[in-house]
Amino acid sequence: MLSSLTGTGAFCVGGVRDFIFPELRLAGGEELALPLSAAQVPAIEAAGEAAPYGKGETTVRDEDVRRCRQIDAAEFDIANPAWGAMVDGIAASVGEAFGVAGKVKATPYKLLLYGKGGHFKPHRDTEKLAAMFGTLVVVLPSRHSGGELRVRHAGREERFRFDAEDRLKSIQYAAFFADCEHEVRPVKSGYRLCLVYNLTRPRSRKERLNLAPGERAEGLIGPLCRLAGARPGDLDVILLDHRYPEKGFSVAGLKGADRLRAAALLEAAEAGGLIARLALCELYQLGQLEDDWDGYDSDTSDHEDEGGVGEMGDLIEEGLTLTHWRDAADRSEPLGSYSIERSCLVAAADPDAGEPDEEFAEGYTGNAGCTKEHWYRRAAVVVWRPEDEPGITARYRFGESVGKWVKAARGRQRRGADFHALGGALIGAAEPQVARYTAGGLQAHRGTLFALARGIAECGDAGLMARAEKMLLPAIAPQADTGTLAALVRVLGAQRVVALCSSPEAPVGGEGREYVRRARLRGAADTRFRLLAALLKNVGENGPAASEIAGELAPLLPHVGYQGVSLTERAHLAIAASYLLEEKAKRNALRCAVLDGGNVARVREVLAPALLQKSFRRLFAKPGSFAAEVLSHCVEMLEAEDAKAIAAFPDWRRFCPPALVEKKGARGVLSWGGHQRDEFEKILVVFRRFMGSADTETSRFPARQDLRDMLTGYIDSNQLDLEYRVEKRGSPYALVCTKTSASLTRDRALQKADRKLLAELRAIEISGR
């Protein structure tokens, strides 16, 4: 039915007008006589330049692609007002033939001269101006043969010849939509002279579509409704014929039959109770570059554009998106970007038929081969049923929809009937996402999924909660943050949430078994600690469940995930929950795991910060808590460190390890061979003698670069009191080492930090102490 709605059916038009002398003057002041004489050609060639063709942001001159001279519109002038009136008349007739409503404006762009052999291979024009839709070529009288203009669109081709001898006393023209492929065939003799104009449409918002569909729309209502009903819950994207740029895309800017068809579809959808919008449909493709090509280049259309960066081979990936939404009144709608599948398309031809609107080729990058990207952009009328609106919104605007729905779920204002429908649709849209992820972690929409779970818990809708419990919550609860878990605990109760966080894992075999086991152990530990934090927020009701989890914490304390709960947070939670453990063995196991040897480094880095956290410090005073014991231990350790005297070095003797110790990760100490190690041991004998010398401050160590690197790695890994530099004299170069007192500075800074930490710990009150 759409194919029968052709409007004028024209994608290009041509014609002849009575001769009018334009009084065309070049920038140098020379006025051109018409028909053009050979004597004036040198002046035109001197005033112009070889015409390039566009490749992305650059221009290229290649006479195999394009051969002609061009003069920019700013470099010539047309003085005869009658000429302007004639061009306006041509533009008006072109607009009528193309179905463009309102006054069409023709703006001068170039003066082009094609000599013998002049040509331009097939290309498309860029719609450079905001409202540009086409190109007008006005051929000035000049004797020549050849130079035929060929215009193609949707499998049709039109040809325009301007070399007839009897047309030397008239003005010939041709116009076409900018997205039509066209070429200039080689000129066989003489000179072909023409003016090129950009055609633009009016931009008034009051403009209405011409060619009202009327009865045509009525015939589309039934088929359109059946089409929408055949795929419930999704969109139907009806592609139109012409290509369009992103800038200035609108209903008013549609070309040719696209205007009539869009108008008919939009009107039929409204009459059939459907929702319909105009959108720009873009197909993106990434593929292998077949040709042997190792440069970097791009190719986008222009008046001077031709491909030439190799052919796309095997497809790597592709994506379809809908953007730049417009309603039937041509108002912009902020619907964002929809990523759709090819199954949504209703089209007579594939969206990637023909040459791309834009392409980019990239050369070899590291391990990757040459690739090529294509972009195809066409207008589309997008149709869906009103009852499918919640599901479509949830599917294609998931993050935005969750944010708005959660805000409504937390508010106390009256909720509409669509609140429950959208909530169910959001759960339905989330389920396929979480189904693709494993225990390794939810990466996409992580925060959005947690927000959705909190919203379901807070809205009080039992039906939505029951649906979420089937698949969504078991998938996200083990990785949910504390706030989400706490919200679920308030609604479902502790035991049900504990069960959600304990979903069984699939067995893992093969070489990666141990890695996956450890990853799961880290994930399980993170889940347990986050769940404990959620339970402790209301420990009065959740005491038994919190006690059960606290009894499991001892072996989990060291297993920190990459994005998990920190050791400090774990120690804080373990101390806070310790009072819940009545079984002596479990309390002792947890206390030992928290103290973990009780060395001063753990006090500084883990235990003291854990005691200073305020999240659950109120629980430290509970009877049975070992918080006071941990606090006393930390204070005693820091007091002992504070009591140590840090004296200055009496001479130049500095610490050095008595034997070679390889530390994993030390620079230059990772893969020593036997011979290399022996050489380095000889250097170390001299180096240790230097470090033990009481009166030597500086020493030189000539050595090859690999041995120098090993020595600097040894110095850095052991944090020795040395500064070093390479002395680039002689052969081999020497590493010059100078002793310092850096360790004293570090020790004094650490003691100062210990005193501050000690004062903060002494200020903590537990049970009034």
# chains A, B, ... in the order shown; residues from 1 in each chain; ligands from 1
$ residues_around --residues "Leu492 in chain A" --least-positions-apart "2" --cutoff "12 Å" --atoms "only C-alpha atoms" --output "PyMOL selection string"
chain A and resi 454+456-458+460+462+465-466+468-469+473+485-490+494-500+542
$ select_by_dssp --residues "range 98-258 of chain A" --states "strand (DSSP E)" --output "MDAnalysis selection string"
chainID A and resid 105:114 119:123 132:140 144:146 149:153 156:160 170:177 181:184 187:190 192:200 236:243
$ select_by_dssp --residues "range 564-677 of chain A" --states "helix (DSSP H, G or I)" --output "PyMOL selection string"
chain A and resi 567-580+584-595+600-612+617-621+627-643+674-677
$ closest_residue --among "A:Asp721, A:Asp330, A:Glu75, A:Asp754" --to "Ala640 in chain A" --atoms "only C-alpha atoms"
A:Asp754
$ closest_atom_pairs --of "range 82-162 of chain A" --to "range 343-360 of chain A" --cutoff "12 Å" --atoms "only C-alpha atoms" --output "JSON lines"
{"residue": "A:Pro122", "atom": "CA", "partner": "A:Glu355", "partner_atom": "CA", "distance": 10.2}
{"residue": "A:His123", "atom": "CA", "partner": "A:Glu355", "partner_atom": "CA", "distance": 9.1}
{"residue": "A:Arg124", "atom": "CA", "partner": "A:Asp357", "partner_atom": "CA", "distance": 8.4}
{"residue": "A:Asp125", "atom": "CA", "partner": "A:Asp357", "partner_atom": "CA", "distance": 9.8}
{"residue": "A:Thr126", "atom": "CA", "partner": "A:Asp357", "partner_atom": "CA", "distance": 9.1}
{"residue": "A:Glu127", "atom": "CA", "partner": "A:Asp357", "partner_atom": "CA", "distance": 11.3}
{"residue": "A:Arg152", "atom": "CA", "partner": "A:Gly354", "partner_atom": "CA", "distance": 10.9}
{"residue": "A:His153", "atom": "CA", "partner": "A:Gly354", "partner_atom": "CA", "distance": 9.8}
{"residue": "A:Ala154", "atom": "CA", "partner": "A:Gly354", "partner_atom": "CA", "distance": 9.2}
{"residue": "A:Gly155", "atom": "CA", "partner": "A:Gly354", "partner_atom": "CA", "distance": 9.8}
$ write_last_selection --atoms "all heavy atoms" --output "PDB file, in the first residue's frame"
ATOM      1  N   PRO A 122      30.414   8.610  -9.478  1.00  0.00           N
ATOM      2  CA  PRO A 122      29.188   8.585  -8.662  1.00  0.00           C
ATOM      3  C   PRO A 122      29.442   8.996  -7.212  1.00  0.00           C
ATOM      4  O   PRO A 122      30.401   8.551  -6.582  1.00  0.00           O
ATOM      5  CB  PRO A 122      28.748   7.118  -8.744  1.00  0.00           C
ATOM      6  CG  PRO A 122      29.290   6.644 -10.051  1.00  0.00           C
ATOM      7  CD  PRO A 122      30.601   7.344 -10.214  1.00  0.00           C
ATOM      8  N   HIS A 123      28.560   9.849  -6.674  1.00  0.00           N
ATOM      9  CA  HIS A 123      28.704  10.376  -5.317  1.00  0.00           C
ATOM     10  C   HIS A 123      27.353  10.905  -4.844  1.00  0.00           C
ATOM     11  O   HIS A 123      26.379  10.948  -5.606  1.00  0.00           O
ATOM     12  CB  HIS A 123      29.750  11.499  -5.293  1.00  0.00           C
ATOM     13  CG  HIS A 123      29.378  12.681  -6.144  1.00  0.00           C
ATOM     14  ND1 HIS A 123      29.472  12.652  -7.523  1.00  0.00           N
ATOM     15  CD2 HIS A 123      28.891  13.908  -5.822  1.00  0.00           C
ATOM     16  CE1 HIS A 123      29.069  13.815  -8.004  1.00  0.00           C
ATOM     17  NE2 HIS A 123      28.704  14.594  -6.986  1.00  0.00           N
ATOM     18  N   ARG A 124      27.300  11.310  -3.608  1.00  0.00           N
ATOM     19  CA  ARG A 124      26.121  11.973  -3.038  1.00  0.00           C
ATOM     20  C   ARG A 124      26.548  13.290  -2.424  1.00  0.00           C
ATOM     21  O   ARG A 124      27.689  13.449  -1.994  1.00  0.00           O
ATOM     22  CB  ARG A 124      25.452  11.095  -1.966  1.00  0.00           C
ATOM     23  CG  ARG A 124      24.764   9.860  -2.520  1.00  0.00           C
ATOM     24  CD  ARG A 124      24.027   9.103  -1.416  1.00  0.00           C
ATOM     25  NE  ARG A 124      23.290   7.973  -1.955  1.00  0.00           N
ATOM     26  CZ  ARG A 124      23.796   6.764  -2.120  1.00  0.00           C
ATOM     27  NH1 ARG A 124      25.053   6.533  -1.770  1.00  0.00           N
ATOM     28  NH2 ARG A 124      23.078   5.790  -2.637  1.00  0.00           N
ATOM     29  N   ASP A 125      25.610  14.236  -2.349  1.00  0.00           N
ATOM     30  CA  ASP A 125      25.907  15.550  -1.800  1.00  0.00           C
ATOM     31  C   ASP A 125      25.580  15.602  -0.311  1.00  0.00           C
ATOM     32  O   ASP A 125      24.616  15.000   0.148  1.00  0.00           O
ATOM     33  CB  ASP A 125      25.085  16.633  -2.513  1.00  0.00           C
ATOM     34  CG  ASP A 125      25.510  16.789  -3.967  1.00  0.00           C
ATOM     35  OD1 ASP A 125      26.595  16.300  -4.314  1.00  0.00           O
ATOM     36  OD2 ASP A 125      24.745  17.393  -4.745  1.00  0.00           O
ATOM     37  N   THR A 126      26.389  16.338   0.411  1.00  0.00           N
ATOM     38  CA  THR A 126      26.113  16.579   1.825  1.00  0.00           C
ATOM     39  C   THR A 126      25.097  17.707   1.958  1.00  0.00           C
ATOM     40  O   THR A 126      25.193  18.735   1.272  1.00  0.00           O
ATOM     41  CB  THR A 126      27.411  16.982   2.555  1.00  0.00           C
ATOM     42  OG1 THR A 126      28.282  15.868   2.541  1.00  0.00           O
ATOM     43  CG2 THR A 126      27.133  17.390   3.982  1.00  0.00           C
ATOM     44  N   GLU A 127      24.146  17.540   2.853  1.00  0.00           N
ATOM     45  CA  GLU A 127      23.162  18.595   3.123  1.00  0.00           C
ATOM     46  C   GLU A 127      23.774  19.541   4.145  1.00  0.00           C
ATOM     47  O   GLU A 127      23.524  19.464   5.343  1.00  0.00           O
ATOM     48  CB  GLU A 127      21.855  17.970   3.598  1.00  0.00           C
ATOM     49  CG  GLU A 127      21.265  17.043   2.534  1.00  0.00           C
ATOM     50  CD  GLU A 127      20.053  16.270   3.023  1.00  0.00           C
ATOM     51  OE1 GLU A 127      19.341  16.759   3.900  1.00  0.00           O
ATOM     52  OE2 GLU A 127      19.835  15.162   2.506  1.00  0.00           O
ATOM     53  N   ARG A 152      20.472   8.747  -9.782  1.00  0.00           N
ATOM     54  CA  ARG A 152      19.885   7.451  -9.436  1.00  0.00           C
ATOM     55  C   ARG A 152      19.261   7.491  -8.042  1.00  0.00           C
ATOM     56  O   ARG A 152      19.789   8.132  -7.134  1.00  0.00           O
ATOM     57  CB  ARG A 152      20.954   6.355  -9.474  1.00  0.00           C
ATOM     58  CG  ARG A 152      21.708   6.273 -10.791  1.00  0.00           C
ATOM     59  CD  ARG A 152      22.759   5.171 -10.750  1.00  0.00           C
ATOM     60  NE  ARG A 152      23.578   5.203 -11.967  1.00  0.00           N
ATOM     61  CZ  ARG A 152      24.727   5.855 -12.069  1.00  0.00           C
ATOM     62  NH1 ARG A 152      25.191   6.517 -11.021  1.00  0.00           N
ATOM     63  NH2 ARG A 152      25.407   5.841 -13.201  1.00  0.00           N
ATOM     64  N   HIS A 153      18.143   6.760  -7.911  1.00  0.00           N
ATOM     65  CA  HIS A 153      17.499   6.606  -6.599  1.00  0.00           C
ATOM     66  C   HIS A 153      16.541   5.422  -6.651  1.00  0.00           C
ATOM     67  O   HIS A 153      15.760   5.288  -7.605  1.00  0.00           O
ATOM     68  CB  HIS A 153      16.724   7.874  -6.203  1.00  0.00           C
ATOM     69  CG  HIS A 153      15.963   7.719  -4.917  1.00  0.00           C
ATOM     70  ND1 HIS A 153      16.600   7.613  -3.701  1.00  0.00           N
ATOM     71  CD2 HIS A 153      14.628   7.632  -4.659  1.00  0.00           C
ATOM     72  CE1 HIS A 153      15.691   7.482  -2.759  1.00  0.00           C
ATOM     73  NE2 HIS A 153      14.497   7.482  -3.318  1.00  0.00           N
ATOM     74  N   ALA A 154      16.640   4.557  -5.620  1.00  0.00           N
ATOM     75  CA  ALA A 154      15.715   3.426  -5.457  1.00  0.00           C
ATOM     76  C   ALA A 154      15.627   2.588  -6.733  1.00  0.00           C
ATOM     77  O   ALA A 154      14.542   2.180  -7.144  1.00  0.00           O
ATOM     78  CB  ALA A 154      14.343   3.931  -5.049  1.00  0.00           C
ATOM     79  N   GLY A 155      16.759   2.351  -7.370  1.00  0.00           N
ATOM     80  CA  GLY A 155      16.785   1.499  -8.545  1.00  0.00           C
ATOM     81  C   GLY A 155      16.391   2.181  -9.840  1.00  0.00           C
ATOM     82  O   GLY A 155      16.371   1.537 -10.895  1.00  0.00           O
TER      83      GLY A 155
END
$ residues_around --residues "range 478-481 of chain A" --least-positions-apart "6" --cutoff "7 Å" --atoms "only C-alpha atoms" --output "list in words"
Phe450, Cys501, Thr527 and Arg530 of chain A
$ closest_residue --among "A:Ala627, A:Leu140, A:Val251, A:Leu322" --to "Arg167 in chain A" --atoms "only C-alpha atoms"
A:Leu140
$ atom_distance --atom1 "CA of Ala257 in chain A" --atom2 "CA of Asp241 in chain A"
8.0 Å
$ closest_residue --among "A:Gln719, A:Asn588, A:Asn80, A:Ser189" --to "His144 in chain A" --atoms "only C-alpha atoms"
A:Ser189
$ residues_around --residues "Phe419 in chain A" --least-positions-apart "5" --cutoff "9 Å" --atoms "only C-alpha atoms" --output "ChimeraX atom specification"
/A:405,408-409,424
$ closest_residue --among "A:Val635, A:Leu735, A:Ile575, A:Met691" --to "Arg704 in chain A" --atoms "only C-alpha atoms"
A:Leu735
$ atom_distance --atom1 "CA of Arg192 in chain A" --atom2 "CA of Gln172 in chain A"
11.9 Å
$ residues_around --residues "Gly29 in chain A" --least-positions-apart "3" --cutoff "10 Å" --atoms "only C-alpha atoms" --output "ChimeraX atom specification"
/A:24-26,32,76-77
$ write_last_selection --atoms "all heavy atoms" --output "PDB file, in the first residue's frame"
ATOM      1  N   LEU A  24      27.631  37.787 -15.245  1.00  0.00           N
ATOM      2  CA  LEU A  24      28.468  37.085 -14.276  1.00  0.00           C
ATOM      3  C   LEU A  24      29.885  37.623 -14.346  1.00  0.00           C
ATOM      4  O   LEU A  24      30.534  37.560 -15.391  1.00  0.00           O
ATOM      5  CB  LEU A  24      28.438  35.580 -14.562  1.00  0.00           C
ATOM      6  CG  LEU A  24      28.983  34.626 -13.504  1.00  0.00           C
ATOM      7  CD1 LEU A  24      28.370  33.241 -13.666  1.00  0.00           C
ATOM      8  CD2 LEU A  24      30.505  34.516 -13.570  1.00  0.00           C
ATOM      9  N   ARG A  25      30.377  38.188 -13.239  1.00  0.00           N
ATOM     10  CA  ARG A  25      31.720  38.772 -13.178  1.00  0.00           C
ATOM     11  C   ARG A  25      32.558  37.998 -12.169  1.00  0.00           C
ATOM     12  O   ARG A  25      32.097  37.679 -11.067  1.00  0.00           O
ATOM     13  CB  ARG A  25      31.666  40.242 -12.763  1.00  0.00           C
ATOM     14  CG  ARG A  25      30.997  41.145 -13.779  1.00  0.00           C
ATOM     15  CD  ARG A  25      31.095  42.606 -13.349  1.00  0.00           C
ATOM     16  NE  ARG A  25      30.496  43.497 -14.328  1.00  0.00           N
ATOM     17  CZ  ARG A  25      29.213  43.819 -14.357  1.00  0.00           C
ATOM     18  NH1 ARG A  25      28.395  43.331 -13.428  1.00  0.00           N
ATOM     19  NH2 ARG A  25      28.745  44.635 -15.293  1.00  0.00           N
ATOM     20  N   LEU A  26      33.811  37.719 -12.575  1.00  0.00           N
ATOM     21  CA  LEU A  26      34.750  37.060 -11.672  1.00  0.00           C
ATOM     22  C   LEU A  26      35.330  38.074 -10.704  1.00  0.00           C
ATOM     23  O   LEU A  26      35.170  39.302 -10.877  1.00  0.00           O
ATOM     24  CB  LEU A  26      35.868  36.394 -12.476  1.00  0.00           C
ATOM     25  CG  LEU A  26      35.417  35.379 -13.535  1.00  0.00           C
ATOM     26  CD1 LEU A  26      36.639  34.805 -14.260  1.00  0.00           C
ATOM     27  CD2 LEU A  26      34.591  34.272 -12.909  1.00  0.00           C
ATOM     28  N   LEU A  32      31.890  37.382 -17.981  1.00  0.00           N
ATOM     29  CA  LEU A  32      31.860  36.278 -18.927  1.00  0.00           C
ATOM     30  C   LEU A  32      30.803  36.510 -19.999  1.00  0.00           C
ATOM     31  O   LEU A  32      29.659  36.852 -19.687  1.00  0.00           O
ATOM     32  CB  LEU A  32      31.557  34.965 -18.184  1.00  0.00           C
ATOM     33  CG  LEU A  32      32.591  34.500 -17.151  1.00  0.00           C
ATOM     34  CD1 LEU A  32      32.198  33.150 -16.579  1.00  0.00           C
ATOM     35  CD2 LEU A  32      33.993  34.447 -17.753  1.00  0.00           C
ATOM     36  N   PHE A  76      32.664  35.259  -7.222  1.00  0.00           N
ATOM     37  CA  PHE A  76      32.046  35.792  -8.436  1.00  0.00           C
ATOM     38  C   PHE A  76      30.743  36.492  -8.051  1.00  0.00           C
ATOM     39  O   PHE A  76      30.223  36.325  -6.939  1.00  0.00           O
ATOM     40  CB  PHE A  76      31.798  34.691  -9.482  1.00  0.00           C
ATOM     41  CG  PHE A  76      30.836  33.611  -9.045  1.00  0.00           C
ATOM     42  CD1 PHE A  76      29.459  33.774  -9.162  1.00  0.00           C
ATOM     43  CD2 PHE A  76      31.311  32.412  -8.536  1.00  0.00           C
ATOM     44  CE1 PHE A  76      28.578  32.778  -8.780  1.00  0.00           C
ATOM     45  CE2 PHE A  76      30.444  31.407  -8.149  1.00  0.00           C
ATOM     46  CZ  PHE A  76      29.077  31.592  -8.271  1.00  0.00           C
ATOM     47  N   ASP A  77      30.212  37.256  -8.986  1.00  0.00           N
ATOM     48  CA  ASP A  77      29.004  38.046  -8.715  1.00  0.00           C
ATOM     49  C   ASP A  77      28.092  37.994  -9.934  1.00  0.00           C
ATOM     50  O   ASP A  77      28.570  38.010 -11.084  1.00  0.00           O
ATOM     51  CB  ASP A  77      29.385  39.493  -8.398  1.00  0.00           C
ATOM     52  CG  ASP A  77      28.166  40.344  -8.127  1.00  0.00           C
ATOM     53  OD1 ASP A  77      27.415  40.015  -7.186  1.00  0.00           O
ATOM     54  OD2 ASP A  77      27.950  41.332  -8.871  1.00  0.00           O
TER      55      ASP A  77
END
$ residues_around --residues "Leu422 in chain A" --least-positions-apart "2" --cutoff "12 Å" --atoms "only C-alpha atoms" --output "VMD selection string"
chain A and resid 387 to 395 397 to 398 401 to 406 408 to 409 415 to 420 424 to 429 452 456 464
$ write_last_selection --atoms "N, CA, C and O atoms" --output "compact mmCIF listing (two decimals), in the first residue's frame"
# COMPACT_ATOMS: atom_id res chain seq x y z
N GLU A 387 -1.39 0.03 24.67
CA GLU A 387 -1.26 -0.95 25.76
C GLU A 387 0.15 -1.50 25.87
O GLU A 387 0.52 -2.10 26.90
N ASP A 388 0.95 -1.34 24.81
CA ASP A 388 2.34 -1.80 24.86
C ASP A 388 3.30 -0.72 25.35
O ASP A 388 4.50 -0.98 25.46
N GLU A 389 2.77 0.46 25.61
CA GLU A 389 3.63 1.59 26.00
C GLU A 389 4.49 1.28 27.23
O GLU A 389 5.70 1.56 27.22
N PRO A 390 3.95 0.72 28.34
CA PRO A 390 4.81 0.44 29.50
C PRO A 390 5.96 -0.50 29.17
O PRO A 390 7.11 -0.27 29.58
N GLY A 391 5.66 -1.57 28.43
CA GLY A 391 6.72 -2.52 28.10
C GLY A 391 7.77 -1.92 27.18
O GLY A 391 8.97 -2.18 27.35
N ILE A 392 7.35 -1.11 26.23
CA ILE A 392 8.30 -0.48 25.31
C ILE A 392 9.16 0.54 26.05
O ILE A 392 10.38 0.62 25.87
N THR A 393 8.52 1.33 26.92
CA THR A 393 9.27 2.29 27.72
C THR A 393 10.29 1.59 28.59
O THR A 393 11.44 2.02 28.70
N ALA A 394 9.87 0.49 29.24
CA ALA A 394 10.78 -0.25 30.11
C ALA A 394 11.92 -0.87 29.33
O ALA A 394 13.07 -0.89 29.80
N ARG A 395 11.65 -1.34 28.15
CA ARG A 395 12.67 -2.05 27.37
C ARG A 395 13.69 -1.11 26.76
O ARG A 395 14.90 -1.36 26.82
N ARG A 397 13.99 2.37 27.35
CA ARG A 397 14.45 3.49 28.19
C ARG A 397 14.54 2.99 29.63
O ARG A 397 13.98 3.59 30.54
N PHE A 398 15.24 1.90 29.81
CA PHE A 398 15.23 1.18 31.08
C PHE A 398 15.73 2.05 32.23
O PHE A 398 15.05 2.23 33.24
N SER A 401 13.47 5.05 32.91
CA SER A 401 12.17 4.63 33.41
C SER A 401 12.25 4.16 34.85
O SER A 401 11.36 4.43 35.66
N VAL A 402 13.32 3.44 35.18
CA VAL A 402 13.48 2.98 36.57
C VAL A 402 13.60 4.18 37.51
O VAL A 402 12.98 4.20 38.58
N GLY A 403 14.38 5.19 37.10
CA GLY A 403 14.53 6.37 37.95
C GLY A 403 13.20 7.05 38.24
O GLY A 403 12.90 7.39 39.39
N LYS A 404 12.38 7.24 37.21
CA LYS A 404 11.08 7.90 37.40
C LYS A 404 10.13 7.02 38.21
O LYS A 404 9.39 7.51 39.08
N TRP A 405 10.15 5.72 37.94
CA TRP A 405 9.24 4.82 38.64
C TRP A 405 9.61 4.72 40.12
O TRP A 405 8.73 4.73 41.00
N VAL A 406 10.89 4.64 40.43
CA VAL A 406 11.33 4.56 41.83
C VAL A 406 10.96 5.84 42.58
O VAL A 406 10.56 5.80 43.75
N ALA A 408 8.37 7.67 41.99
CA ALA A 408 6.94 7.56 42.28
C ALA A 408 6.69 6.53 43.39
O ALA A 408 5.80 6.70 44.21
N ALA A 409 7.49 5.45 43.40
CA ALA A 409 7.32 4.41 44.42
C ALA A 409 7.61 4.94 45.81
O ALA A 409 6.97 4.54 46.79
N ARG A 415 -0.93 7.23 42.98
CA ARG A 415 -0.33 6.62 41.81
C ARG A 415 -1.40 6.25 40.81
O ARG A 415 -2.46 5.75 41.17
N GLY A 416 -1.09 6.46 39.53
CA GLY A 416 -2.03 6.14 38.48
C GLY A 416 -2.09 4.65 38.20
O GLY A 416 -1.31 3.84 38.73
N ALA A 417 -3.03 4.28 37.33
CA ALA A 417 -3.21 2.87 37.00
C ALA A 417 -2.00 2.31 36.26
O ALA A 417 -1.77 1.10 36.27
N ASP A 418 -1.22 3.20 35.63
CA ASP A 418 -0.08 2.72 34.87
C ASP A 418 1.13 2.43 35.76
O ASP A 418 2.13 1.92 35.29
N PHE A 419 1.05 2.77 37.07
CA PHE A 419 2.18 2.54 37.96
C PHE A 419 2.49 1.05 38.07
O PHE A 419 3.63 0.62 37.91
N HIS A 420 1.46 0.26 38.33
CA HIS A 420 1.66 -1.19 38.45
C HIS A 420 2.10 -1.78 37.10
O HIS A 420 2.99 -2.64 37.06
N GLY A 424 5.63 -3.78 36.51
CA GLY A 424 5.72 -5.14 35.97
C GLY A 424 6.55 -5.19 34.70
O GLY A 424 7.32 -6.14 34.47
N ALA A 425 6.40 -4.16 33.86
CA ALA A 425 7.18 -4.12 32.62
C ALA A 425 8.67 -3.96 32.91
O ALA A 425 9.51 -4.55 32.21
N LEU A 426 9.01 -3.18 33.92
CA LEU A 426 10.42 -3.00 34.27
C LEU A 426 11.02 -4.31 34.79
O LEU A 426 12.17 -4.65 34.48
N ILE A 427 10.24 -5.05 35.59
CA ILE A 427 10.73 -6.36 36.05
C ILE A 427 10.94 -7.27 34.85
O ILE A 427 11.95 -7.98 34.74
N GLY A 428 9.97 -7.25 33.92
CA GLY A 428 10.10 -8.08 32.72
C GLY A 428 11.29 -7.69 31.87
O GLY A 428 11.96 -8.55 31.28
N ALA A 429 11.59 -6.38 31.80
CA ALA A 429 12.74 -5.93 31.01
C ALA A 429 14.05 -6.27 31.70
O ALA A 429 15.07 -6.47 31.04
N LEU A 452 15.84 -0.48 41.33
CA LEU A 452 14.55 -1.09 41.05
C LEU A 452 14.12 -2.01 42.18
O LEU A 452 12.95 -2.00 42.60
N ILE A 456 10.74 -1.61 44.46
CA ILE A 456 9.73 -2.66 44.62
C ILE A 456 9.46 -2.90 46.10
O ILE A 456 8.31 -3.08 46.53
N LEU A 464 3.91 -7.03 42.68
CA LEU A 464 5.21 -6.79 42.07
C LEU A 464 6.30 -7.53 42.84
O LEU A 464 7.23 -8.08 42.25
$ residues_around --residues "Phe133 in chain A" --least-positions-apart "3" --cutoff "9 Å" --atoms "only C-alpha atoms" --output "number ranges by chain"
A: 127, 129, 176-179, 198-201, 244, 253-255
$ write_last_selection --atoms "N, CA and C atoms" --output "short mmCIF file (atom, residue, chain, number, x, y, z; two decimals), in the first residue's frame"
data_model
loop_
_atom_site.label_atom_id
_atom_site.label_comp_id
_atom_site.auth_asym_id
_atom_site.auth_seq_id
_atom_site.Cartn_x
_atom_site.Cartn_y
_atom_site.Cartn_z
N GLU A 127 24.15 17.54 2.85
CA GLU A 127 23.16 18.60 3.12
C GLU A 127 23.77 19.54 4.14
N LEU A 129 23.65 22.95 4.62
CA LEU A 129 22.85 23.98 5.28
C LEU A 129 21.76 23.32 6.12
N PHE A 176 17.88 17.71 -8.05
CA PHE A 176 17.68 16.38 -7.48
C PHE A 176 17.84 16.46 -5.96
N PHE A 177 17.25 15.48 -5.28
CA PHE A 177 17.42 15.40 -3.84
C PHE A 177 18.89 15.11 -3.53
N ALA A 178 19.38 15.68 -2.43
CA ALA A 178 20.80 15.61 -2.12
C ALA A 178 21.28 14.19 -1.85
N ASP A 179 20.39 13.31 -1.40
CA ASP A 179 20.83 11.95 -1.08
C ASP A 179 20.83 11.03 -2.30
N ASN A 198 22.54 25.37 -3.74
CA ASN A 198 21.95 24.55 -2.67
C ASN A 198 20.48 24.92 -2.52
N LEU A 199 19.60 23.94 -2.50
CA LEU A 199 18.17 24.17 -2.34
C LEU A 199 17.78 23.94 -0.88
N THR A 200 17.13 24.92 -0.29
CA THR A 200 16.70 24.82 1.11
C THR A 200 15.21 25.08 1.21
N ARG A 201 14.59 24.45 2.21
CA ARG A 201 13.16 24.61 2.46
C ARG A 201 12.96 25.63 3.57
N TYR A 244 18.80 10.79 5.20
CA TYR A 244 18.74 12.10 5.84
C TYR A 244 19.91 12.27 6.80
N GLY A 253 11.05 18.28 6.65
CA GLY A 253 12.20 18.11 5.78
C GLY A 253 12.18 16.82 4.99
N LEU A 254 11.11 16.03 5.09
CA LEU A 254 11.05 14.78 4.33
C LEU A 254 10.99 15.05 2.83
N LYS A 255 11.53 14.14 2.05
CA LYS A 255 11.69 14.36 0.61
C LYS A 255 10.71 13.51 -0.18
#
